[in-house]
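J.: Next up, work_22.csv (CSV, C-alpha atoms (C1' of nucleotides)).
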chain,number,residue,atom,x,y,z
U,1195,MET,CA,174.4,97.2,95.7
U,1196,LYS,CA,171.8,98.9,93.6
U,1197,ILE,CA,168.2,97.8,93.6
U,1198,GLY,CA,168.5,95.8,90.5
U,1199,THR,CA,171.3,93.7,91.9
U,1200,LEU,CA,169.4,93.2,95.1
U,1201,SER,CA,166.4,92.2,93.1
U,1202,LYS,CA,168.4,89.6,91.2
U,1203,ALA,CA,170.1,88.4,94.4
U,1204,THR,CA,166.8,87.7,96.1
U,1205,GLY,CA,164.4,87.0,93.4
U,1206,VAL,CA,162.1,89.7,94.7
U,1207,SER,CA,160.9,92.4,92.3
U,1208,ARG,CA,162.2,96.0,92.4
U,1209,ASP,CA,158.7,97.2,93.3
U,1210,ALA,CA,158.4,94.8,96.1
U,1211,ILE,CA,161.7,95.9,97.5
U,1212,ARG,CA,160.7,99.5,97.3
U,1213,PHE,CA,157.5,98.5,99.0
U,1214,TYR,CA,159.4,96.9,101.9
U,1215,GLU,CA,161.6,99.9,102.0
U,1216,SER,CA,158.6,102.2,102.2
U,1217,LYS,CA,157.3,100.2,105.2
U,1218,GLY,CA,160.6,100.7,107.0
U,1219,MET,CA,161.6,97.0,106.8
U,1220,LEU,CA,165.0,97.5,105.2
U,1221,THR,CA,168.1,98.9,106.8
U,1222,ASN,CA,171.1,101.0,106.2
U,1223,ILE,CA,170.2,102.3,102.8
U,1224,THR,CA,172.6,105.0,101.7
U,1225,ARG,CA,172.9,107.4,98.9
U,1226,PRO,CA,176.7,107.4,98.4
U,1227,PHE,CA,177.0,109.4,95.3
U,1228,GLU,CA,176.7,113.1,95.0
U,1229,TRP,CA,176.1,113.3,91.3
U,1230,ASN,CA,173.0,111.1,91.3
U,1231,ASN,CA,170.6,110.0,93.9
U,1232,TYR,CA,171.0,106.3,93.4
U,1233,LYS,CA,170.7,104.3,96.6
U,1234,ASP,CA,173.0,101.7,97.9
U,1235,TYR,CA,171.1,98.8,99.5
U,1236,GLY,CA,173.8,97.1,101.4
U,1237,ASP,CA,174.6,93.4,101.6
U,1238,LYS,CA,172.6,93.0,104.8
U,1239,ASN,CA,169.4,93.6,103.0
U,1240,VAL,CA,169.9,90.4,101.0
U,1241,LYS,CA,169.6,88.4,104.2
U,1242,ARG,CA,166.9,90.7,105.4
U,1243,ILE,CA,164.7,90.1,102.3
U,1244,GLN,CA,165.4,86.4,102.5
U,1245,LEU,CA,164.2,86.5,106.0
U,1246,ILE,CA,161.1,88.4,105.0
U,1247,LYS,CA,160.3,85.7,102.4
U,1248,HIS,CA,161.1,83.0,104.8
U,1249,LEU,CA,158.7,84.3,107.5
U,1250,GLN,CA,156.0,85.0,104.9
U,1251,ARG,CA,156.0,81.3,104.1
U,1252,PHE,CA,155.0,80.8,107.7
U,1253,SER,CA,152.1,83.2,107.2
U,1254,PHE,CA,153.6,86.1,109.1
U,1255,THR,CA,152.3,89.4,107.8
U,1256,LEU,CA,154.7,92.1,106.8
U,1257,ARG,CA,153.6,94.1,109.9
U,1258,GLU,CA,154.6,91.2,112.1
U,1259,ILE,CA,157.9,90.7,110.2
U,1260,LYS,CA,158.7,94.3,110.5
U,1261,GLU,CA,158.2,94.2,114.3
U,1262,LEU,CA,160.5,91.1,114.5
U,1263,LEU,CA,163.1,92.9,112.5
U,1264,HIS,CA,162.9,95.9,114.6
U,1265,LEU,CA,163.2,93.8,117.7
U,1266,LYS,CA,166.3,92.2,116.3
U,1267,ASP,CA,167.7,95.6,115.4
U,1268,ALA,CA,167.1,97.0,118.8
U,1269,ASN,CA,168.7,94.0,120.6
U,1270,PRO,CA,171.3,92.8,118.2
U,1271,ASN,CA,173.0,90.6,120.8
U,1272,GLU,CA,170.0,89.2,122.4
U,1273,CYS,CA,168.6,86.3,120.5
U,1274,ILE,CA,164.9,86.4,119.7
U,1275,ASP,CA,163.0,83.5,121.1
U,1276,LYS,CA,161.9,82.1,117.8
U,1277,THR,CA,160.1,79.2,119.3
U,1278,LYS,CA,157.8,81.5,121.3
U,1279,VAL,CA,157.0,83.5,118.2
U,1280,LEU,CA,156.4,80.4,116.1
U,1281,LYS,CA,154.2,78.9,118.8
U,1282,GLU,CA,152.0,81.9,118.8
U,1283,LYS,CA,151.7,81.8,115.0
U,1284,LEU,CA,151.0,78.1,115.3
U,1285,LYS,CA,148.0,78.8,117.6
U,1286,ILE,CA,146.6,81.2,115.1
U,1287,ILE,CA,147.0,78.7,112.3
U,1288,GLU,CA,145.4,76.0,114.3
U,1289,ARG,CA,142.5,78.3,115.1
U,1290,LYS,CA,142.1,79.0,111.4
U,1291,ILE,CA,142.2,75.3,110.6
U,1292,ASP,CA,139.5,74.7,113.2
U,1293,GLU,CA,137.4,77.5,111.8
U,1294,LEU,CA,137.6,76.0,108.3
U,1295,LYS,CA,136.8,72.6,109.6
U,1296,ARG,CA,133.7,73.9,111.2
U,1297,THR,CA,132.7,75.5,108.0
U,1298,ARG,CA,133.4,72.2,106.2
U,1299,GLU,CA,131.2,70.4,108.7
U,1300,ASP,CA,128.4,72.9,108.2
U,1301,ILE,CA,128.6,72.5,104.4
U,1302,LEU,CA,128.6,68.7,104.7
U,1303,LYS,CA,125.5,68.8,106.9
U,1304,ILE,CA,123.7,70.7,104.2
U,1305,ILE,CA,124.9,68.5,101.4
U,1306,ASN,CA,123.8,65.3,103.2
U,1307,HIS,CA,120.8,67.1,104.7
L,386,MET,CA,110.2,99.3,103.1
L,387,LYS,CA,112.8,102.0,103.6
L,388,ILE,CA,116.5,101.2,104.2
L,389,GLY,CA,116.2,101.7,107.9
L,390,THR,CA,113.4,99.1,108.2
L,391,LEU,CA,115.4,96.7,106.1
L,392,SER,CA,118.4,97.3,108.2
L,393,LYS,CA,116.5,96.4,111.4
L,394,ALA,CA,114.8,93.5,109.8
L,395,THR,CA,118.1,91.9,108.7
L,396,GLY,CA,120.5,93.2,111.3
L,397,VAL,CA,122.7,94.5,108.5
L,398,SER,CA,123.9,98.1,108.6
L,399,ARG,CA,122.5,100.7,106.2
L,400,ASP,CA,126.0,101.1,104.8
L,401,ALA,CA,126.4,97.4,104.1
L,402,ILE,CA,123.0,97.3,102.4
L,403,ARG,CA,124.0,100.2,100.2
L,404,PHE,CA,127.2,98.4,99.5
L,405,TYR,CA,125.3,95.3,98.4
L,406,GLU,CA,123.1,97.5,96.3
L,407,SER,CA,126.0,99.2,94.7
L,408,LYS,CA,127.3,95.7,93.8
L,409,GLY,CA,124.0,94.9,92.1
L,410,MET,CA,123.1,92.3,94.6
L,411,LEU,CA,119.7,93.5,95.5
L,412,THR,CA,116.5,93.5,93.4
L,413,ASN,CA,113.5,95.5,92.6
L,414,ILE,CA,114.4,98.7,94.3
L,415,THR,CA,111.9,101.4,93.4
L,416,ARG,CA,111.5,105.1,94.0
L,417,PRO,CA,107.7,105.2,94.5
L,418,PHE,CA,107.4,108.8,95.6
L,419,GLU,CA,107.6,111.8,93.4
L,420,TRP,CA,108.1,114.4,96.1
L,421,ASN,CA,111.3,112.8,97.5
L,422,ASN,CA,113.7,110.3,96.2
L,423,TYR,CA,113.5,107.8,98.9
L,424,LYS,CA,113.8,104.2,97.8
L,425,ASP,CA,111.6,101.3,98.5
L,426,TYR,CA,113.5,98.2,99.1
L,427,GLY,CA,110.8,95.5,98.8
L,428,ASP,CA,110.2,92.6,101.1
L,429,LYS,CA,112.1,90.3,98.8
L,430,ASN,CA,115.4,91.9,99.8
L,431,VAL,CA,115.0,90.8,103.4
L,432,LYS,CA,115.3,87.2,102.2
L,433,ARG,CA,118.0,88.2,99.8
L,434,ILE,CA,120.1,89.7,102.4
L,435,GLN,CA,119.5,86.8,104.8
L,436,LEU,CA,120.7,84.6,102.0
L,437,ILE,CA,123.8,86.7,101.5
L,438,LYS,CA,124.7,86.4,105.1
L,439,HIS,CA,124.0,82.7,105.1
L,440,LEU,CA,126.3,82.1,102.2
L,441,GLN,CA,129.0,84.3,103.7
L,442,ARG,CA,129.1,82.0,106.6
L,443,PHE,CA,130.1,79.3,104.2
L,444,SER,CA,132.9,81.5,103.0
L,445,PHE,CA,131.3,82.5,99.7
L,446,THR,CA,132.6,85.8,98.5
L,447,LEU,CA,130.2,88.6,97.6
L,448,ARG,CA,131.2,88.1,94.0
L,449,GLU,CA,130.2,84.5,94.1
L,450,ILE,CA,127.0,85.2,96.0
L,451,LYS,CA,126.1,87.8,93.4
L,452,GLU,CA,126.6,85.3,90.6
L,453,LEU,CA,124.4,82.8,92.4
L,454,LEU,CA,121.7,85.4,92.9
L,455,HIS,CA,121.8,86.4,89.3
L,456,LEU,CA,121.6,82.8,88.2
L,457,LYS,CA,118.5,82.4,90.4
L,458,ASP,CA,117.0,85.6,89.0
L,459,ALA,CA,117.6,84.4,85.4
L,460,ASN,CA,116.1,81.0,86.0
L,461,PRO,CA,113.5,81.5,88.7
L,462,ASN,CA,111.8,78.2,88.1
L,463,GLU,CA,114.9,76.1,87.7
L,464,CYS,CA,116.3,75.1,91.0
L,465,ILE,CA,120.0,75.8,91.4
L,466,ASP,CA,122.1,72.7,92.2
L,467,LYS,CA,123.1,73.8,95.7
L,468,THR,CA,125.0,70.6,96.2
L,469,LYS,CA,127.2,71.1,93.3
L,470,VAL,CA,128.0,74.7,94.3
L,471,LEU,CA,128.6,73.6,97.9
L,472,LYS,CA,130.9,70.8,96.8
L,473,GLU,CA,133.0,73.2,94.9
L,474,LYS,CA,133.3,75.4,97.9
L,475,LEU,CA,134.1,72.4,100.0
L,476,LYS,CA,137.1,71.6,97.8
L,477,ILE,CA,138.4,75.1,98.1
L,478,ILE,CA,138.0,75.0,101.9
L,479,GLU,CA,139.8,71.6,102.0
L,480,ARG,CA,142.6,72.9,100.0
L,481,LYS,CA,143.0,75.8,102.4
L,482,ILE,CA,142.9,73.4,105.3
L,483,ASP,CA,145.7,71.3,103.7
L,484,GLU,CA,147.7,74.4,103.0
L,485,LEU,CA,147.5,75.5,106.6
L,486,LYS,CA,148.3,72.0,107.8
L,487,ARG,CA,151.4,72.1,105.7
L,488,THR,CA,152.4,75.4,107.2
L,489,ARG,CA,151.7,74.0,110.6
L,490,GLU,CA,154.0,71.0,109.9
L,491,ASP,CA,156.7,73.3,108.6
L,492,ILE,CA,156.5,75.4,111.8
L,493,LEU,CA,156.5,72.3,114.0
L,494,LYS,CA,159.7,71.0,112.2
L,495,ILE,CA,161.5,74.2,113.1
L,496,ILE,CA,160.2,74.3,116.7
L,497,ASN,CA,161.4,70.7,117.3
L,498,HIS,CA,164.3,71.2,115.0
G,985,DC,C1',177.0,109.4,70.5
G,986,DT,C1',172.8,107.4,70.9
G,987,DA,C1',169.6,104.0,72.4
G,988,DA,C1',168.5,100.8,75.8
G,989,DA,C1',168.6,99.7,80.4
G,990,DC,C1',168.6,101.3,84.8
G,991,DC,C1',167.2,104.5,88.8
G,992,DA,C1',164.0,107.4,92.1
G,993,DT,C1',159.5,109.3,93.1
G,994,DG,C1',154.8,109.4,93.5
G,995,DG,C1',150.3,108.0,92.6
G,996,DA,C1',146.8,105.0,90.8
G,997,DC,C1',145.0,100.4,90.8
G,998,DT,C1',144.0,95.3,92.1
G,999,DA,C1',140.6,92.3,95.4
G,1000,DT,C1',137.7,92.0,99.9
G,1001,DG,C1',133.9,93.9,102.7
G,1002,DG,C1',132.7,97.0,104.3
G,1003,DT,C1',132.8,101.8,107.6
G,1004,DC,C1',132.8,106.8,108.2
G,1005,DC,C1',132.0,111.4,106.7
G,1006,DA,C1',130.1,115.5,104.4
G,1007,DT,C1',126.4,117.5,102.0
G,1008,DG,C1',121.8,118.4,101.3
G,1009,DG,C1',117.1,117.2,101.4
G,1010,DT,C1',112.9,115.2,104.0
G,1011,DC,C1',109.9,113.5,107.6
G,1012,DA,C1',107.8,113.1,112.2
G,1013,DA,C1',107.2,114.3,117.1
G,1014,DG,C1',106.4,117.7,120.4
K,750,DC,C1',107.7,125.2,113.7
K,751,DT,C1',111.7,123.5,115.0
K,752,DT,C1',114.7,119.8,116.2
K,753,DG,C1',116.2,115.3,115.7
K,754,DA,C1',115.9,111.3,113.0
K,755,DC,C1',115.9,109.6,108.7
K,756,DC,C1',117.2,109.4,103.5
K,757,DA,C1',120.4,109.6,99.1
K,758,DT,C1',124.8,110.4,97.0
K,759,DG,C1',129.6,110.3,96.5
K,760,DG,C1',134.1,109.9,98.1
K,761,DA,C1',137.7,108.8,101.4
K,762,DC,C1',139.6,105.3,104.3
K,763,DC,C1',141.0,100.5,106.7
K,764,DA,C1',144.1,96.2,106.2
K,765,DT,C1',147.1,93.2,102.9
K,766,DA,C1',150.8,92.8,99.5
K,767,DG,C1',152.1,94.3,96.2
K,768,DT,C1',151.9,95.8,90.6
K,769,DC,C1',151.9,99.1,87.0
K,770,DC,C1',152.5,103.6,85.1
K,771,DA,C1',154.4,108.2,84.2
K,772,DT,C1',158.0,111.4,84.7
K,773,DG,C1',162.5,112.7,84.6
K,774,DG,C1',167.3,111.8,85.4
K,775,DT,C1',171.6,108.5,84.8
K,776,DT,C1',174.4,104.9,83.2
K,777,DT,C1',176.2,101.6,80.1
K,778,DA,C1',176.9,99.0,75.8
K,779,DG,C1',177.7,99.1,71.1
Spell out the structure here as C-alpha cells.

T.:
Amino acid sequence: MKIGTLSKATGVSRDAIRFYESKGMLTNITRPFEWNNYKDYGDKNVKRIQLIKHLQRFSFTLREIKELLHLKDANPNECIDKTKVLKEKLKIIERKIDELKRTREDILKIINH
Amino acid sequence: MKIGTLSKATGVSRDAIRFYESKGMLTNITRPFEWNNYKDYGDKNVKRIQLIKHLQRFSFTLREIKELLHLKDANPNECIDKTKVLKEKLKIIERKIDELKRTREDILKIINH
DNA sequence: CTAAACCATGGACTATGGTCCATGGTCAAG
DNA sequence: CTTGACCATGGACCATAGTCCATGGTTTAG
C-alpha cells in the first residue's frame, strides 16, 4: 500500500502521514522494490492512523499517542488499561474546564462590576 | 526608565518586554542619549505591561491585546467598551468549556461502556 | 511516447509566547 | 582601571500539528 492509498483509506493527508511517520508513530514500513524507493505502508497502518485520529478526538497529543502505540507494540499480548489512561486524560480535561470556569467567573465579575 | 527598571517594576522579564516591543505593543520608547543607544521606556509602559498581563489572565492573546492597545491609542478620549470585548471573550471561553465537556462525556461513555 | 499523477526528501512556514545565546558596546563600583 | 552588571540586536530554539514548496525520480493513462 502506497502512501496515496493509505491517505485515501484513512482520509488523512499524505503530508500528515509523513509527519506521523517522521515522529515514529507508524510501523513496518518497507521499501520492497529495488528499482525505485517507493515505500510500502502496510495494512496495519490503516488501523494505526485510525487509532491516532480516534485518540486525538479525546485530546491526546501525538506524543502521548506515540507512547501508547509503543507500549502496545512492546507488549502485544498484554492489553493496555484503556480505562486508566482515559481517566488520567479525564482529570486533565476537568482541570482545564475548571480553569476556564474560573476565568469565566473573573470576567463576569468585571462585566457586572 | 531603562529596561531593567521596567522589568523589576512589572515582574516581566527583559526578554518578554523586548518581545512585546518587537510586536509593537509598547509606546513612546525613546533613545535619549547620543553617546549610547540605550532606550528609555517611559513610565507609561509600566501600566501598559500591567494591562497586558491583566488581559492575558482573561485569556486574551497578545494579538488581541495589541489591537485593544492600538484602539485605545487611536482614540485616547473615547472609552473602549470593555464590556463588549469581555462578552465576546466570554463566548469563546464558554464554547471551549462546552467542547471540553463534550470530550469529557465521550470519554465517560467509553469508560462506562 | 508524452503528460499528468504519483512518490521521496528536506526545508521553510503557520500561530503562540516567550527563552536562551552570542556579539559587542557601556556603565558603575571598588 | 578593571570587573561585573547592564544594554541592544539578531537569531536559534521549545512545544503542537501539521501544510506547502521545490527538486528530482517514477509510474500510469491515453

J.: Would you mind reading off the distance between CA of Lys472 in chain L and CA of Thr395 in chain L, one decimal, in Å?

T.: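 Going from CA of Lys472 in chain L over to CA of Thr395 in chain L, I get 27.4 Å.
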
J.: Select, as an MDAnalysis selection string, those residues of chain K with any atom no more than 8 Å from chain U (distances computed using only C-alpha atoms (C1' of nucleotides)).

T.: chainID K and resid 767:768 775

J.: Can you measure CA of Asp1237 in chain U to CA of Glu1215 in chain U for me? One decimal in Å is fine.

T.: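 Between these atoms lies a distance of 14.5 Å.
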
J.: Select residues of chain U: the criterion is any atom within 12 Å of an atom of chain G, counting only C-alpha atoms (C1' of nucleotides); output as a list of chain:residue names.

T.: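 Here is what falls inside 12 Å: U:Lys1196, U:Ile1197, U:Gly1198, U:Thr1199, U:Arg1208, U:Asp1209, U:Arg1212, U:Ser1216, U:Arg1225, U:Asn1230, U:Asn1231, U:Tyr1232, U:Lys1233, U:Asp1234.
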
J.: For chain L, list the residues within 7 Å of chain U, counting all atoms listed in the file, and write the list as a ChimeraX atom specification.

T.: /L:443,468,471,475,478,482,485,488-489,492,496

J.: Suppose you want the space between CA of Met1219 in chain U and CA of Lys1260 in chain U; what is it in Å?

T.: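 Atom-to-atom, CA of Met1219 in chain U and CA of Lys1260 in chain U are spaced 5.4 Å apart.
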
J.: Need to verify the contact set: Arg433 in chain L, 10 Å, all atoms listed in the file, exclusion of same-chain residues closer than 3 positions in sequence. Can you return it as a ChimeraX atom specification?

T.: /L:395,410-412,428-430,436-439,454

J.: Would you mind completing range 403-437 of chain L so that it carries N, CA and C atoms, and writing it out as a compact mmCIF listing (two decimals), in the coordinates of the input?

T.:
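Below is the file that was written, out06.txt:
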# COMPACT_ATOMS: atom_id res chain seq x y z
N ARG L 403 123.64 99.38 101.39
CA ARG L 403 124.00 100.20 100.20
C ARG L 403 125.13 99.65 99.44
N PHE L 404 126.04 99.04 100.18
CA PHE L 404 127.20 98.40 99.50
C PHE L 404 126.72 97.24 98.64
N TYR L 405 125.87 96.41 99.17
CA TYR L 405 125.30 95.30 98.40
C TYR L 405 124.58 95.83 97.17
N GLU L 406 123.82 96.87 97.43
CA GLU L 406 123.10 97.50 96.30
C GLU L 406 124.01 97.97 95.24
N SER L 407 125.08 98.65 95.66
CA SER L 407 126.00 99.20 94.70
C SER L 407 126.69 98.07 93.88
N LYS L 408 126.75 96.89 94.47
CA LYS L 408 127.30 95.70 93.80
C LYS L 408 126.30 95.04 92.89
N GLY L 409 125.08 95.54 92.90
CA GLY L 409 124.00 94.90 92.10
C GLY L 409 123.52 93.62 92.65
N MET L 410 123.53 93.50 93.97
CA MET L 410 123.10 92.30 94.60
C MET L 410 121.66 92.28 95.05
N LEU L 411 121.05 93.43 95.05
CA LEU L 411 119.70 93.50 95.50
C LEU L 411 118.75 93.63 94.29
N THR L 412 117.46 93.59 94.54
CA THR L 412 116.50 93.50 93.40
C THR L 412 115.31 94.36 93.63
N ASN L 413 114.76 94.79 92.52
CA ASN L 413 113.50 95.50 92.60
C ASN L 413 113.42 96.64 93.55
N ILE L 414 114.42 97.49 93.48
CA ILE L 414 114.40 98.70 94.30
C ILE L 414 113.70 99.78 93.54
N THR L 415 112.69 100.35 94.12
CA THR L 415 111.90 101.40 93.40
C THR L 415 112.01 102.71 94.15
N ARG L 416 111.52 103.72 93.46
CA ARG L 416 111.50 105.10 94.00
C ARG L 416 110.04 105.54 93.89
N PRO L 417 109.17 105.10 94.77
CA PRO L 417 107.70 105.20 94.50
C PRO L 417 107.19 106.65 94.71
N PHE L 418 107.93 107.52 95.31
CA PHE L 418 107.40 108.80 95.60
C PHE L 418 107.96 109.89 94.68
N GLU L 419 107.09 110.77 94.27
CA GLU L 419 107.60 111.80 93.40
C GLU L 419 108.17 112.98 94.11
N TRP L 420 107.72 113.18 95.32
CA TRP L 420 108.10 114.40 96.10
C TRP L 420 109.44 114.20 96.83
N ASN L 421 109.91 112.96 96.92
CA ASN L 421 111.30 112.80 97.50
C ASN L 421 111.91 111.68 96.64
N ASN L 422 113.14 111.41 96.92
CA ASN L 422 113.70 110.30 96.20
C ASN L 422 114.10 109.14 97.06
N TYR L 423 113.27 108.94 98.04
CA TYR L 423 113.50 107.80 98.90
C TYR L 423 113.20 106.51 98.13
N LYS L 424 113.96 105.51 98.47
CA LYS L 424 113.80 104.20 97.80
C LYS L 424 112.90 103.29 98.55
N ASP L 425 112.31 102.40 97.83
CA ASP L 425 111.60 101.30 98.50
C ASP L 425 112.28 100.01 98.18
N TYR L 426 112.92 99.50 99.20
CA TYR L 426 113.50 98.20 99.10
C TYR L 426 112.38 97.22 99.48
N GLY L 427 112.01 96.36 98.57
CA GLY L 427 110.80 95.50 98.80
C GLY L 427 111.10 94.40 99.82
N ASP L 428 110.07 93.67 100.13
CA ASP L 428 110.20 92.60 101.10
C ASP L 428 111.19 91.51 100.63
N LYS L 429 111.26 91.33 99.32
CA LYS L 429 112.10 90.30 98.80
C LYS L 429 113.58 90.45 99.26
N ASN L 430 113.99 91.71 99.42
CA ASN L 430 115.40 91.90 99.80
C ASN L 430 115.71 91.50 101.20
N VAL L 431 114.70 91.32 102.03
CA VAL L 431 115.00 90.80 103.40
C VAL L 431 115.53 89.37 103.20
N LYS L 432 114.82 88.54 102.49
CA LYS L 432 115.30 87.20 102.20
C LYS L 432 116.64 87.17 101.53
N ARG L 433 116.73 88.10 100.60
CA ARG L 433 118.00 88.20 99.80
C ARG L 433 119.16 88.47 100.67
N ILE L 434 119.01 89.40 101.57
CA ILE L 434 120.10 89.70 102.40
C ILE L 434 120.39 88.61 103.44
N GLN L 435 119.34 87.98 103.88
CA GLN L 435 119.50 86.80 104.80
C GLN L 435 120.32 85.73 104.02
N LEU L 436 120.01 85.56 102.75
CA LEU L 436 120.70 84.60 102.00
C LEU L 436 122.20 84.96 101.80
N ILE L 437 122.43 86.25 101.57
CA ILE L 437 123.80 86.70 101.50
C ILE L 437 124.58 86.38 102.74
